[in-house]
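One file, structure-v4.cif, carrying mmCIF, C-alpha atoms:
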```cif
data_input
#
loop_
_atom_site.label_atom_id
_atom_site.label_comp_id
_atom_site.auth_asym_id
_atom_site.auth_seq_id
_atom_site.Cartn_x
_atom_site.Cartn_y
_atom_site.Cartn_z
CA MET A 28 -9.43 33.54 -65.79
CA LYS A 29 -6.89 34.52 -63.17
CA ASN A 30 -9.11 37.43 -62.03
CA VAL A 31 -12.16 35.14 -61.74
CA PHE A 32 -10.14 32.71 -59.62
CA LEU A 33 -8.94 35.57 -57.39
CA LEU A 34 -12.50 36.87 -56.95
CA VAL A 35 -13.83 33.42 -56.03
CA SER A 36 -10.97 32.96 -53.57
CA MET A 37 -11.74 36.28 -51.90
CA LEU A 38 -15.43 35.43 -51.60
CA LEU A 39 -14.57 32.08 -50.01
CA ILE A 40 -12.11 33.58 -47.56
CA TRP A 41 -14.12 36.68 -46.56
CA PRO A 42 -16.85 34.93 -44.56
CA LEU A 43 -14.27 32.91 -42.63
CA ASN A 44 -12.32 36.04 -41.73
CA SER A 45 -15.53 37.79 -40.67
CA VAL A 46 -16.49 34.91 -38.40
CA ALA A 47 -13.00 34.79 -36.90
CA GLN A 48 -13.12 38.51 -36.18
CA SER A 49 -16.56 38.34 -34.56
CA CYS A 50 -15.49 35.35 -32.47
CA ALA A 51 -12.60 37.34 -31.03
CA ASP A 52 -14.46 40.64 -30.69
CA TRP A 53 -14.35 41.74 -27.05
CA PRO A 54 -13.90 45.53 -26.76
CA GLN A 55 -13.21 45.43 -23.01
CA TRP A 56 -10.33 43.01 -23.58
CA ASN A 57 -8.92 45.28 -26.26
CA THR A 58 -9.07 48.20 -23.81
CA PHE A 59 -7.29 46.14 -21.15
CA LYS A 60 -4.57 45.12 -23.62
CA LYS A 61 -4.06 48.70 -24.78
CA HIS A 62 -3.62 50.16 -21.31
CA PHE A 63 -2.15 47.36 -19.18
CA ILE A 64 -0.20 44.97 -21.41
CA SER A 65 3.09 45.84 -23.06
CA GLU A 66 3.95 44.84 -26.61
CA GLN A 67 6.11 42.10 -25.12
CA GLY A 68 3.24 40.60 -23.09
CA ARG A 69 3.89 42.07 -19.64
CA VAL A 70 0.83 43.04 -17.56
CA ILE A 71 1.69 46.25 -15.71
CA ASP A 72 0.03 47.48 -12.52
CA LEU A 73 -0.05 51.13 -13.59
CA GLY A 74 0.93 53.64 -10.93
CA SER A 75 2.42 51.04 -8.62
CA LYS A 76 5.84 51.58 -7.13
CA GLN A 77 8.42 50.04 -9.47
CA SER A 78 5.73 49.47 -12.15
CA ILE A 79 5.24 45.97 -10.88
CA THR A 80 4.07 42.89 -12.70
CA THR A 81 2.68 39.97 -10.72
CA SER A 82 2.22 36.35 -11.69
CA GLU A 83 -1.44 36.96 -10.84
CA GLY A 84 -1.72 39.57 -13.58
CA GLN A 85 -0.05 37.32 -16.12
CA SER A 86 -2.29 34.39 -15.21
CA TYR A 87 -5.52 36.38 -15.51
CA ALA A 88 -4.41 37.85 -18.83
CA LEU A 89 -3.86 34.35 -20.20
CA PHE A 90 -7.42 33.44 -19.24
CA PHE A 91 -8.86 36.59 -20.83
CA ALA A 92 -6.87 36.04 -24.04
CA LEU A 93 -8.37 32.57 -24.24
CA LEU A 94 -11.87 33.96 -23.71
CA ALA A 95 -11.21 36.39 -26.55
CA ASN A 96 -9.86 33.69 -28.88
CA ASP A 97 -6.69 35.80 -29.04
CA GLN A 98 -3.93 33.23 -29.38
CA ALA A 99 -1.34 35.76 -30.51
CA SER A 100 -1.69 37.69 -27.22
CA PHE A 101 -1.85 34.43 -25.27
CA ASP A 102 1.51 33.34 -26.65
CA LYS A 103 3.12 36.73 -25.97
CA ILE A 104 1.90 36.75 -22.38
CA LEU A 105 3.01 33.16 -21.90
CA GLU A 106 6.45 33.82 -23.36
CA TRP A 107 7.04 36.89 -21.18
CA THR A 108 5.88 34.96 -18.11
CA GLN A 109 8.15 32.05 -18.84
CA THR A 110 11.17 34.19 -19.66
CA HIS A 111 10.97 36.65 -16.78
CA LEU A 112 9.13 34.86 -13.96
CA ALA A 113 10.27 31.26 -14.48
CA GLU A 114 13.91 31.68 -15.50
CA GLY A 115 13.03 30.75 -19.07
CA ASP A 116 11.31 27.43 -18.38
CA LEU A 117 7.92 26.90 -16.71
CA SER A 118 8.53 23.17 -16.72
CA THR A 119 11.41 23.48 -14.25
CA ARG A 120 10.13 26.12 -11.82
CA LEU A 121 6.94 27.84 -10.77
CA THR A 122 6.50 31.54 -11.43
CA ALA A 123 7.99 34.22 -9.21
CA TRP A 124 5.28 36.35 -7.65
CA GLN A 125 6.58 39.85 -8.41
CA TRP A 126 8.75 41.54 -11.04
CA GLY A 127 9.49 45.24 -11.36
CA ILE A 128 11.88 48.06 -12.15
CA ASP A 129 14.63 48.62 -9.58
CA GLY A 130 16.30 51.91 -8.64
CA SER A 131 18.72 51.73 -11.54
CA GLY A 132 15.91 51.28 -14.05
CA LYS A 133 16.54 47.58 -14.54
CA GLY A 134 13.72 45.06 -14.64
CA LYS A 135 14.13 42.08 -12.32
CA ILE A 136 12.35 39.66 -9.99
CA LEU A 137 11.48 41.47 -6.76
CA ASP A 138 9.96 38.49 -4.94
CA SER A 139 10.81 34.99 -6.15
CA ASN A 140 8.34 33.14 -3.91
CA PRO A 141 5.58 31.69 -6.17
CA ALA A 142 1.90 32.41 -5.51
CA SER A 143 -0.18 29.24 -5.73
CA ASP A 144 -3.32 30.94 -7.07
CA SER A 145 -1.40 32.36 -10.02
CA ASP A 146 0.19 29.01 -10.75
CA LEU A 147 -3.25 27.38 -10.69
CA TRP A 148 -4.67 29.92 -13.13
CA ILE A 149 -1.70 29.59 -15.50
CA ALA A 150 -1.92 25.80 -15.48
CA TYR A 151 -5.70 25.99 -15.96
CA ALA A 152 -5.49 28.47 -18.86
CA LEU A 153 -2.89 26.25 -20.54
CA SER A 154 -5.00 23.12 -20.08
CA GLN A 155 -8.07 24.75 -21.59
CA ALA A 156 -6.10 26.37 -24.40
CA ALA A 157 -4.67 22.97 -25.28
CA THR A 158 -8.18 21.63 -25.84
CA LEU A 159 -9.74 24.68 -27.46
CA TRP A 160 -6.84 25.52 -29.78
CA GLN A 161 -5.62 21.95 -30.22
CA GLU A 162 -2.08 22.74 -29.05
CA ARG A 163 -0.31 19.82 -27.41
CA ARG A 164 2.56 21.96 -26.10
CA TYR A 165 0.12 23.77 -23.81
CA ALA A 166 -1.15 20.46 -22.42
CA VAL A 167 2.36 19.21 -21.67
CA LEU A 168 3.30 22.43 -19.88
CA SER A 169 0.05 22.45 -17.92
CA SER A 170 0.50 18.88 -16.70
CA VAL A 171 4.05 19.57 -15.53
CA MET A 172 2.90 22.70 -13.68
CA ALA A 173 0.00 20.81 -12.10
CA GLU A 174 2.40 18.21 -10.78
CA ARG A 175 4.70 20.88 -9.35
CA ILE A 176 1.78 22.67 -7.66
CA ILE A 177 0.79 19.47 -5.86
CA ARG A 178 4.39 18.77 -4.90
CA GLU A 179 5.53 22.27 -3.90
CA GLU A 180 2.45 24.29 -2.92
CA THR A 181 0.38 21.91 -0.84
CA ALA A 182 0.72 20.30 2.56
CA TYR A 183 -1.21 17.76 4.57
CA LEU A 184 -2.86 19.60 7.45
CA PRO A 185 -4.13 17.36 10.28
CA ASN A 186 -7.96 17.21 10.44
CA LEU A 187 -8.23 19.18 7.20
CA GLY A 188 -6.37 17.07 4.64
CA LEU A 189 -4.27 18.04 1.65
CA THR A 190 -4.46 21.83 1.51
CA LEU A 191 -3.32 24.51 -0.91
CA LEU A 192 -0.71 26.78 0.67
CA PRO A 193 -0.46 30.39 -0.55
CA ALA A 194 3.17 29.75 -1.51
CA PRO A 195 5.90 27.15 -0.97
CA ASN A 196 7.45 29.23 1.80
CA GLY A 197 6.46 31.78 4.40
CA PHE A 198 2.95 30.72 5.43
CA GLU A 199 3.68 28.39 8.31
CA PRO A 200 4.43 30.93 11.07
CA SER A 201 4.93 28.23 13.71
CA GLU A 202 4.85 24.47 13.99
CA GLN A 203 1.37 23.06 13.26
CA THR A 204 0.03 26.52 12.33
CA TRP A 205 -0.68 27.73 8.80
CA LYS A 206 -1.93 30.95 7.22
CA LEU A 207 -4.41 30.27 4.41
CA ASN A 208 -6.32 32.25 1.77
CA PRO A 209 -9.79 31.02 0.68
CA SER A 210 -9.67 33.03 -2.56
CA TYR A 211 -6.62 31.15 -3.81
CA ALA A 212 -8.51 27.96 -4.69
CA PRO A 213 -11.23 28.28 -7.36
CA LEU A 214 -13.06 24.98 -7.00
CA PHE A 215 -13.75 24.59 -10.72
CA ILE A 216 -10.03 24.57 -11.46
CA LEU A 217 -9.41 21.88 -8.86
CA GLN A 218 -12.38 19.93 -10.17
CA GLN A 219 -11.05 20.10 -13.74
CA PHE A 220 -7.61 18.88 -12.66
CA SER A 221 -9.18 16.03 -10.68
CA GLN A 222 -10.77 14.93 -13.98
CA ARG A 223 -7.60 15.36 -16.02
CA TYR A 224 -5.33 13.70 -13.49
CA PRO A 225 -7.58 11.15 -11.71
CA HIS A 226 -4.67 9.27 -10.15
CA SER A 227 -3.26 12.34 -8.43
CA ALA A 228 -4.36 14.19 -5.29
CA TRP A 229 -6.51 16.88 -6.95
CA GLN A 230 -9.83 15.51 -5.69
CA ALA A 231 -8.59 15.60 -2.10
CA LEU A 232 -7.36 19.16 -2.63
CA HIS A 233 -10.74 20.12 -4.11
CA ASP A 234 -12.65 18.78 -1.10
CA SER A 235 -10.38 20.35 1.53
CA SER A 236 -10.61 23.70 -0.31
CA ALA A 237 -14.41 23.52 -0.27
CA LYS A 238 -14.26 22.84 3.45
CA LEU A 239 -11.93 25.82 3.95
CA ILE A 240 -14.27 28.19 2.08
CA LEU A 241 -17.47 26.99 3.75
CA GLU A 242 -16.15 26.79 7.31
CA THR A 243 -14.54 30.23 7.22
CA SER A 244 -17.63 32.05 5.89
CA LYS A 245 -20.40 30.84 8.20
CA LYS A 246 -21.81 34.37 8.59
CA GLY A 247 -22.06 34.73 4.81
CA PHE A 248 -18.82 36.64 4.26
CA SER A 249 -15.40 35.24 3.39
CA PRO A 250 -12.14 36.44 4.99
CA ASP A 251 -9.05 37.60 3.13
CA TRP A 252 -6.86 35.42 5.35
CA VAL A 253 -7.36 32.86 8.11
CA MET A 254 -5.13 30.87 10.44
CA TYR A 255 -5.43 27.12 10.90
CA ASN A 256 -4.28 24.86 13.69
CA PRO A 257 -5.42 21.25 14.17
CA GLU A 258 -6.45 21.94 17.78
CA LYS A 259 -8.03 25.38 17.26
CA GLY A 260 -9.38 24.84 13.76
CA PHE A 261 -9.80 28.09 11.78
CA TYR A 262 -9.22 31.30 13.71
CA HIS A 263 -8.14 34.92 13.28
CA THR A 264 -5.24 37.00 14.59
CA GLU A 265 -3.84 40.49 14.00
CA LYS A 266 -1.96 39.15 10.99
CA ALA A 267 -5.08 37.41 9.70
CA PRO A 268 -7.98 39.58 10.93
CA ALA A 269 -11.62 38.53 10.62
CA ILE A 270 -12.10 40.85 7.65
CA GLY A 271 -12.88 40.23 3.99
CA SER A 272 -12.04 42.75 1.31
CA TYR A 273 -9.69 42.82 -1.70
CA ASN A 274 -8.79 39.13 -1.55
CA ALA A 275 -12.15 37.76 -0.46
CA ILE A 276 -14.14 39.48 -3.21
CA ARG A 277 -12.86 36.76 -5.53
CA VAL A 278 -14.39 33.96 -3.45
CA TYR A 279 -17.92 35.04 -4.45
CA LEU A 280 -16.81 35.48 -8.05
CA TRP A 281 -15.24 32.03 -8.34
CA ALA A 282 -18.33 30.43 -6.79
CA SER A 283 -20.59 32.23 -9.29
CA MET A 284 -18.49 30.98 -12.20
CA MET A 285 -19.17 27.35 -11.30
CA ALA A 286 -21.80 25.28 -13.10
CA ASP A 287 -25.06 24.91 -11.20
CA GLU A 288 -24.52 21.14 -11.06
CA ALA A 289 -20.94 21.41 -9.81
CA PRO A 290 -20.15 19.98 -6.36
CA TYR A 291 -20.66 22.55 -3.57
CA LYS A 292 -22.13 25.22 -5.87
CA SER A 293 -25.57 25.28 -4.22
CA GLU A 294 -24.07 25.28 -0.71
CA LEU A 295 -21.76 28.17 -1.54
CA ILE A 296 -24.42 30.35 -3.13
CA ALA A 297 -26.79 29.69 -0.23
CA GLN A 298 -24.06 30.52 2.29
CA PHE A 299 -23.28 33.84 0.58
CA ASP A 300 -26.87 35.07 0.85
CA PRO A 301 -25.91 37.76 3.44
CA MET A 302 -23.56 39.30 0.85
CA LEU A 303 -26.38 39.18 -1.67
CA GLN A 304 -28.78 40.85 0.76
CA TYR A 305 -26.25 43.61 1.44
CA LEU A 306 -26.11 44.32 -2.30
CA VAL A 307 -29.90 44.39 -2.63
CA ASN A 308 -30.46 46.55 0.45
CA ASN A 309 -27.65 49.05 -0.15
CA ASN A 310 -27.25 49.05 -3.92
CA ARG A 311 -23.49 48.89 -3.54
CA ALA A 312 -20.72 46.42 -2.74
CA PRO A 313 -19.19 46.67 0.74
CA LEU A 314 -15.56 47.65 1.13
CA GLU A 315 -15.07 45.35 4.11
CA SER A 316 -17.05 42.65 5.85
CA ARG A 317 -16.59 41.22 9.33
CA VAL A 318 -16.65 37.45 9.06
CA ASP A 319 -17.13 36.99 12.81
CA THR A 320 -20.18 39.25 13.16
CA GLY A 321 -21.61 39.22 9.64
CA LYS A 322 -21.49 43.03 9.43
CA ALA A 323 -20.46 44.77 6.20
CA ILE A 324 -19.30 48.37 5.96
CA GLY A 325 -18.21 51.01 3.49
CA SER A 326 -18.51 51.27 -0.26
CA GLY A 327 -16.21 49.10 -2.33
CA PRO A 328 -14.62 50.17 -5.61
CA VAL A 329 -16.29 49.53 -8.96
CA GLY A 330 -14.32 46.32 -9.38
CA PHE A 331 -16.13 44.88 -6.36
CA ILE A 332 -19.48 45.68 -7.97
CA ALA A 333 -18.42 43.94 -11.18
CA ALA A 334 -17.18 40.89 -9.29
CA LEU A 335 -20.57 40.48 -7.62
CA LEU A 336 -22.72 40.82 -10.74
CA PRO A 337 -22.66 37.05 -11.38
CA LEU A 338 -23.93 36.40 -7.83
CA LEU A 339 -26.92 38.65 -8.56
CA THR A 340 -27.43 36.86 -11.87
CA ASP A 341 -27.34 33.50 -10.14
CA LYS A 342 -30.06 34.57 -7.71
CA GLY A 343 -32.25 36.32 -10.30
CA GLN A 344 -31.90 39.76 -8.69
CA THR A 345 -32.55 41.61 -11.96
CA GLN A 346 -33.47 44.98 -10.45
CA THR A 347 -30.30 45.31 -8.37
CA LEU A 348 -28.28 43.84 -11.23
CA SER A 349 -29.54 46.50 -13.62
CA ALA A 350 -28.90 49.32 -11.13
CA LEU A 351 -25.31 48.21 -10.49
CA GLN A 352 -24.63 47.73 -14.19
CA GLN A 353 -25.70 51.35 -14.69
CA LYS A 354 -23.17 52.42 -12.06
CA LEU A 355 -20.43 50.65 -13.99
CA MET A 356 -21.39 52.49 -17.16
CA ILE A 357 -21.36 55.97 -15.64
CA ASP A 358 -17.61 56.21 -14.98
CA THR A 359 -15.28 53.87 -16.85
CA ARG A 360 -12.02 55.69 -16.10
CA PHE A 361 -10.92 52.71 -14.01
CA SER A 362 -10.59 50.68 -17.23
CA THR A 363 -7.56 52.68 -18.29
CA ASN A 364 -5.61 53.15 -15.06
CA ARG A 365 -6.71 50.73 -12.31
CA TYR A 366 -5.45 47.23 -12.86
CA TYR A 367 -7.36 45.28 -10.19
CA ASP A 368 -10.70 46.95 -10.84
CA SER A 369 -10.22 46.23 -14.53
CA VAL A 370 -9.46 42.56 -13.87
CA LEU A 371 -12.54 42.14 -11.70
CA TYR A 372 -14.59 43.98 -14.32
CA LEU A 373 -13.49 41.59 -17.08
CA PHE A 374 -14.18 38.55 -14.92
CA GLY A 375 -17.52 39.76 -13.59
CA THR A 376 -19.06 41.15 -16.76
CA SER A 377 -17.95 38.24 -18.95
CA THR A 378 -19.42 35.77 -16.45
CA ALA A 379 -22.72 37.64 -16.03
CA SER A 380 -23.14 38.11 -19.80
CA LYS A 381 -22.44 34.41 -20.46
CA ARG A 382 -19.45 35.09 -22.70
CA PHE A 383 -18.39 31.68 -21.42
CA THR A 384 -19.62 28.91 -19.19
CA ILE A 385 -17.78 26.35 -17.09
CA ASP A 386 -19.25 22.87 -16.96
CA LYS A 387 -19.67 20.74 -13.84
CA GLN A 388 -16.28 19.13 -14.45
CA GLY A 389 -14.58 22.53 -14.56
CA ALA A 390 -14.01 22.68 -18.33
CA LEU A 391 -14.12 26.12 -19.96
CA LEU A 392 -16.67 26.62 -22.76
CA PRO A 393 -16.20 30.08 -24.33
CA ASN A 394 -18.87 31.24 -26.76
CA TRP A 395 -16.42 31.30 -29.62
CA SER A 396 -15.73 27.57 -29.26
CA ASN A 397 -19.12 26.99 -30.88
CA GLU A 398 -19.38 30.09 -33.08
CA CYS A 399 -16.00 29.66 -34.74
CA ARG A 400 -16.66 26.08 -35.67
#
```

Have the structure of the file written as structure tokens, please.
Amino acid sequence: MKNVFLLVSMLLIWPLNSVAQSCADWPQWNTFKKHFISEQGRVIDLGSKQSITTSEGQSYALFFALLANDQASFDKILEWTQTHLAEGDLSTRLTAWQWGIDGSGKGKILDSNPASDSDLWIAYALSQAATLWQERRYAVLSSVMAERIIREETAYLPNLGLTLLPAPNGFEPSEQTWKLNPSYAPLFILQQFSQRYPHSAWQALHDSSAKLILETSKKGFSPDWVMYNPEKGFYHTEKAPAIGSYNAIRVYLWASMMADEAPYKSELIAQFDPMLQYLVNNNRAPLESRVDTGKAIGSGPVGFIAALLPLLTDKGQTQTLSALQQKLMIDTRFSTNRYYDSVLYLFGTSTASKRFTIDKQGALLPNWSNECR
């Protein structure tokens, strides 16, 4: 009788385990974990001086772990982030931007200034994990971080409104002048927080960020950095040249991740048509683009190609999409030794393949959220 009971129990459990495994099955995520994430949950930029870890890397890894339904990895990454980048408590301070190994072989914070984009992604991943995994502790931590971001990483800029600063310090080079980064503010994250915290300033931040992105990319290409002054508006200098490259590539990606019905989605995709046409005409992603002339040059790394796949998907450019996907399949060595290319690859391919969607309110809907139920 005991053996019959054991057999029945195994038959009942087996299908559930099989479903759970298939829901979390994402080979590219497993490759990323194997090569870039330590057993303790630290994302390492391989080959970098001092083997650095950035809050950006930790924040993206949290998002990917959520997409993979990998809560064990999510908790490890979160714990390492909290312990080493937030002095043990994310509720009392925002994350330091950079951590690494010093000359004596000791790991420590190398730059304590937080990066607002990383803080946004961490707070967003926590908010979505709270809903998808039904974990209240994530929700509490996310709400506290969201409040700190508004308080410490924004400023009211005359004629622009409440604006996301790249960090609490160091980006106001002179009075009434600010240095801004359009890629730091994914609109769907700001939209989601405006829904979660309707009595806070998130809607104003969302609208000013949309204005920043649209007004700085009028030739169809977004800059890495831009200066702002109430009298001059947006302008470029030697320290913020009219060039888009490694930062700006994310602007197109974030726009492509938005729901079709989301505010500003149609305007953004229409505005980025020159980038789309460059892809179609050249069968490659540009390394740099001039935002003042609308000229694009060079051949970007494979990560750039991956980041732009969702833009091609959005516009139904199946022929170019297929050709660029083939390029990504030919040489995958980047997936084991190039952190940023690998990050863009995970973002771009998971978006284009519909591993997840984001609704018009900015809520994350991974495939597994339906399959596993």

List, as a compact mmCIF listing (two decimals) with C-alpha atoms, keeping the file's coordinate frame, every residue that the PyMOL selection byres ((chain A and resi 66-74) around 6) selects in the file provided.
```txt
# COMPACT_ATOMS: atom_id res chain seq x y z
CA PHE A 63 -2.15 47.36 -19.18
CA ILE A 64 -0.20 44.97 -21.41
CA SER A 65 3.09 45.84 -23.06
CA SER A 75 2.42 51.04 -8.62
CA ILE A 79 5.24 45.97 -10.88
CA THR A 80 4.07 42.89 -12.70
CA GLY A 84 -1.72 39.57 -13.58
CA GLN A 85 -0.05 37.32 -16.12
CA LYS A 103 3.12 36.73 -25.97
CA ILE A 104 1.90 36.75 -22.38
CA TRP A 107 7.04 36.89 -21.18
CA TYR A 366 -5.45 47.23 -12.86
```

Would you kindly return, as a ChimeraX atom specification, each protein, DNA or RNA residue with an atom no farther than 12 Å from any atom of Val370 (chain A), considering all atoms listed in the file and excluding same-chain residues fewer than 4 positions away? /A:55-56,58-60,63,70-72,83-91,277,280,329-331,333-334,361-366,374-377

Residues matched by the PyMOL selection byres ((chain A and resi 247) around 9), written as a list in words: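 Given this file, the PyMOL selection byres ((chain A and resi 247) around 9) evaluates to Ser244, Lys245, Lys246, Phe248, Ser249, Ala297, Gln298, Phe299, Asp300, Pro301, Met302, Leu303, Val318 and Gly321 of chain A.
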
Emit the selected residues as a PDB file, in the coordinates of the input, including C-alpha atoms.
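Okay, result-v9.pdb is ready:
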```pdb
ATOM      1  CA  SER A 244     -17.630  32.050   5.890  1.00  0.00           C
ATOM      2  CA  LYS A 245     -20.400  30.840   8.200  1.00  0.00           C
ATOM      3  CA  LYS A 246     -21.810  34.370   8.590  1.00  0.00           C
ATOM      4  CA  PHE A 248     -18.820  36.640   4.260  1.00  0.00           C
ATOM      5  CA  SER A 249     -15.400  35.240   3.390  1.00  0.00           C
ATOM      6  CA  ALA A 297     -26.790  29.690  -0.230  1.00  0.00           C
ATOM      7  CA  GLN A 298     -24.060  30.520   2.290  1.00  0.00           C
ATOM      8  CA  PHE A 299     -23.280  33.840   0.580  1.00  0.00           C
ATOM      9  CA  ASP A 300     -26.870  35.070   0.850  1.00  0.00           C
ATOM     10  CA  PRO A 301     -25.910  37.760   3.440  1.00  0.00           C
ATOM     11  CA  MET A 302     -23.560  39.300   0.850  1.00  0.00           C
ATOM     12  CA  LEU A 303     -26.380  39.180  -1.670  1.00  0.00           C
ATOM     13  CA  VAL A 318     -16.650  37.450   9.060  1.00  0.00           C
ATOM     14  CA  GLY A 321     -21.610  39.220   9.640  1.00  0.00           C
TER      15      GLY A 321
END
```

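A straight line drawn from CA of Leu391 (chain A) to CA of Asp102 (chain A) is 18.5 Å long.
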
Using CA of Gln218 (chain A) and CA of Ala231 (chain A) as the two end points, give the distance in Å to one decimal. 9.9 Å

Since the input has fewer atoms than a full residue there, write region 130-146 of chain A out with N, CA and C atoms, as a PDB file, in the coordinates of the input.
```pdb
ATOM      1  N   GLY A 130      15.858  50.520  -8.684  1.00  0.00           N
ATOM      2  CA  GLY A 130      16.300  51.910  -8.640  1.00  0.00           C
ATOM      3  C   GLY A 130      17.171  52.336  -9.791  1.00  0.00           C
ATOM      4  N   SER A 131      17.846  51.389 -10.413  1.00  0.00           N
ATOM      5  CA  SER A 131      18.720  51.730 -11.540  1.00  0.00           C
ATOM      6  C   SER A 131      17.996  51.633 -12.876  1.00  0.00           C
ATOM      7  N   GLY A 132      16.689  51.364 -12.822  1.00  0.00           N
ATOM      8  CA  GLY A 132      15.910  51.280 -14.050  1.00  0.00           C
ATOM      9  C   GLY A 132      15.938  49.911 -14.705  1.00  0.00           C
ATOM     10  N   LYS A 133      16.450  48.926 -13.986  1.00  0.00           N
ATOM     11  CA  LYS A 133      16.540  47.580 -14.540  1.00  0.00           C
ATOM     12  C   LYS A 133      15.378  46.719 -14.068  1.00  0.00           C
ATOM     13  N   GLY A 134      14.791  45.962 -14.985  1.00  0.00           N
ATOM     14  CA  GLY A 134      13.720  45.060 -14.640  1.00  0.00           C
ATOM     15  C   GLY A 134      14.257  43.770 -14.055  1.00  0.00           C
ATOM     16  N   LYS A 135      13.658  43.312 -12.948  1.00  0.00           N
ATOM     17  CA  LYS A 135      14.130  42.080 -12.320  1.00  0.00           C
ATOM     18  C   LYS A 135      13.055  41.516 -11.404  1.00  0.00           C
ATOM     19  N   ILE A 136      13.245  40.276 -10.966  1.00  0.00           N
ATOM     20  CA  ILE A 136      12.350  39.660  -9.990  1.00  0.00           C
ATOM     21  C   ILE A 136      12.539  40.348  -8.645  1.00  0.00           C
ATOM     22  N   LEU A 137      11.438  40.810  -8.062  1.00  0.00           N
ATOM     23  CA  LEU A 137      11.480  41.470  -6.760  1.00  0.00           C
ATOM     24  C   LEU A 137      11.132  40.515  -5.634  1.00  0.00           C
ATOM     25  N   ASP A 138      10.331  39.507  -5.930  1.00  0.00           N
ATOM     26  CA  ASP A 138       9.960  38.490  -4.940  1.00  0.00           C
ATOM     27  C   ASP A 138       9.848  37.168  -5.692  1.00  0.00           C
ATOM     28  N   SER A 139      10.736  36.241  -5.392  1.00  0.00           N
ATOM     29  CA  SER A 139      10.810  34.990  -6.150  1.00  0.00           C
ATOM     30  C   SER A 139       9.861  33.906  -5.639  1.00  0.00           C
ATOM     31  N   ASN A 140       9.251  34.135  -4.472  1.00  0.00           N
ATOM     32  CA  ASN A 140       8.340  33.140  -3.910  1.00  0.00           C
ATOM     33  C   ASN A 140       7.109  33.010  -4.815  1.00  0.00           C
ATOM     34  N   PRO A 141       6.775  31.834  -5.320  1.00  0.00           N
ATOM     35  CA  PRO A 141       5.580  31.690  -6.170  1.00  0.00           C
ATOM     36  C   PRO A 141       4.298  31.926  -5.386  1.00  0.00           C
ATOM     37  N   ALA A 142       3.234  32.297  -6.100  1.00  0.00           N
ATOM     38  CA  ALA A 142       1.900  32.410  -5.510  1.00  0.00           C
ATOM     39  C   ALA A 142       1.050  31.289  -6.104  1.00  0.00           C
ATOM     40  N   SER A 143       0.487  30.453  -5.250  1.00  0.00           N
ATOM     41  CA  SER A 143      -0.180  29.240  -5.730  1.00  0.00           C
ATOM     42  C   SER A 143      -1.414  29.543  -6.573  1.00  0.00           C
ATOM     43  N   ASP A 144      -2.130  30.636  -6.263  1.00  0.00           N
ATOM     44  CA  ASP A 144      -3.320  30.940  -7.070  1.00  0.00           C
ATOM     45  C   ASP A 144      -2.940  31.272  -8.499  1.00  0.00           C
ATOM     46  N   SER A 145      -1.856  32.025  -8.672  1.00  0.00           N
ATOM     47  CA  SER A 145      -1.400  32.360 -10.020  1.00  0.00           C
ATOM     48  C   SER A 145      -0.968  31.115 -10.777  1.00  0.00           C
ATOM     49  N   ASP A 146      -0.255  30.242 -10.102  1.00  0.00           N
ATOM     50  CA  ASP A 146       0.190  29.010 -10.750  1.00  0.00           C
ATOM     51  C   ASP A 146      -1.003  28.153 -11.169  1.00  0.00           C
TER      52      ASP A 146
END
```
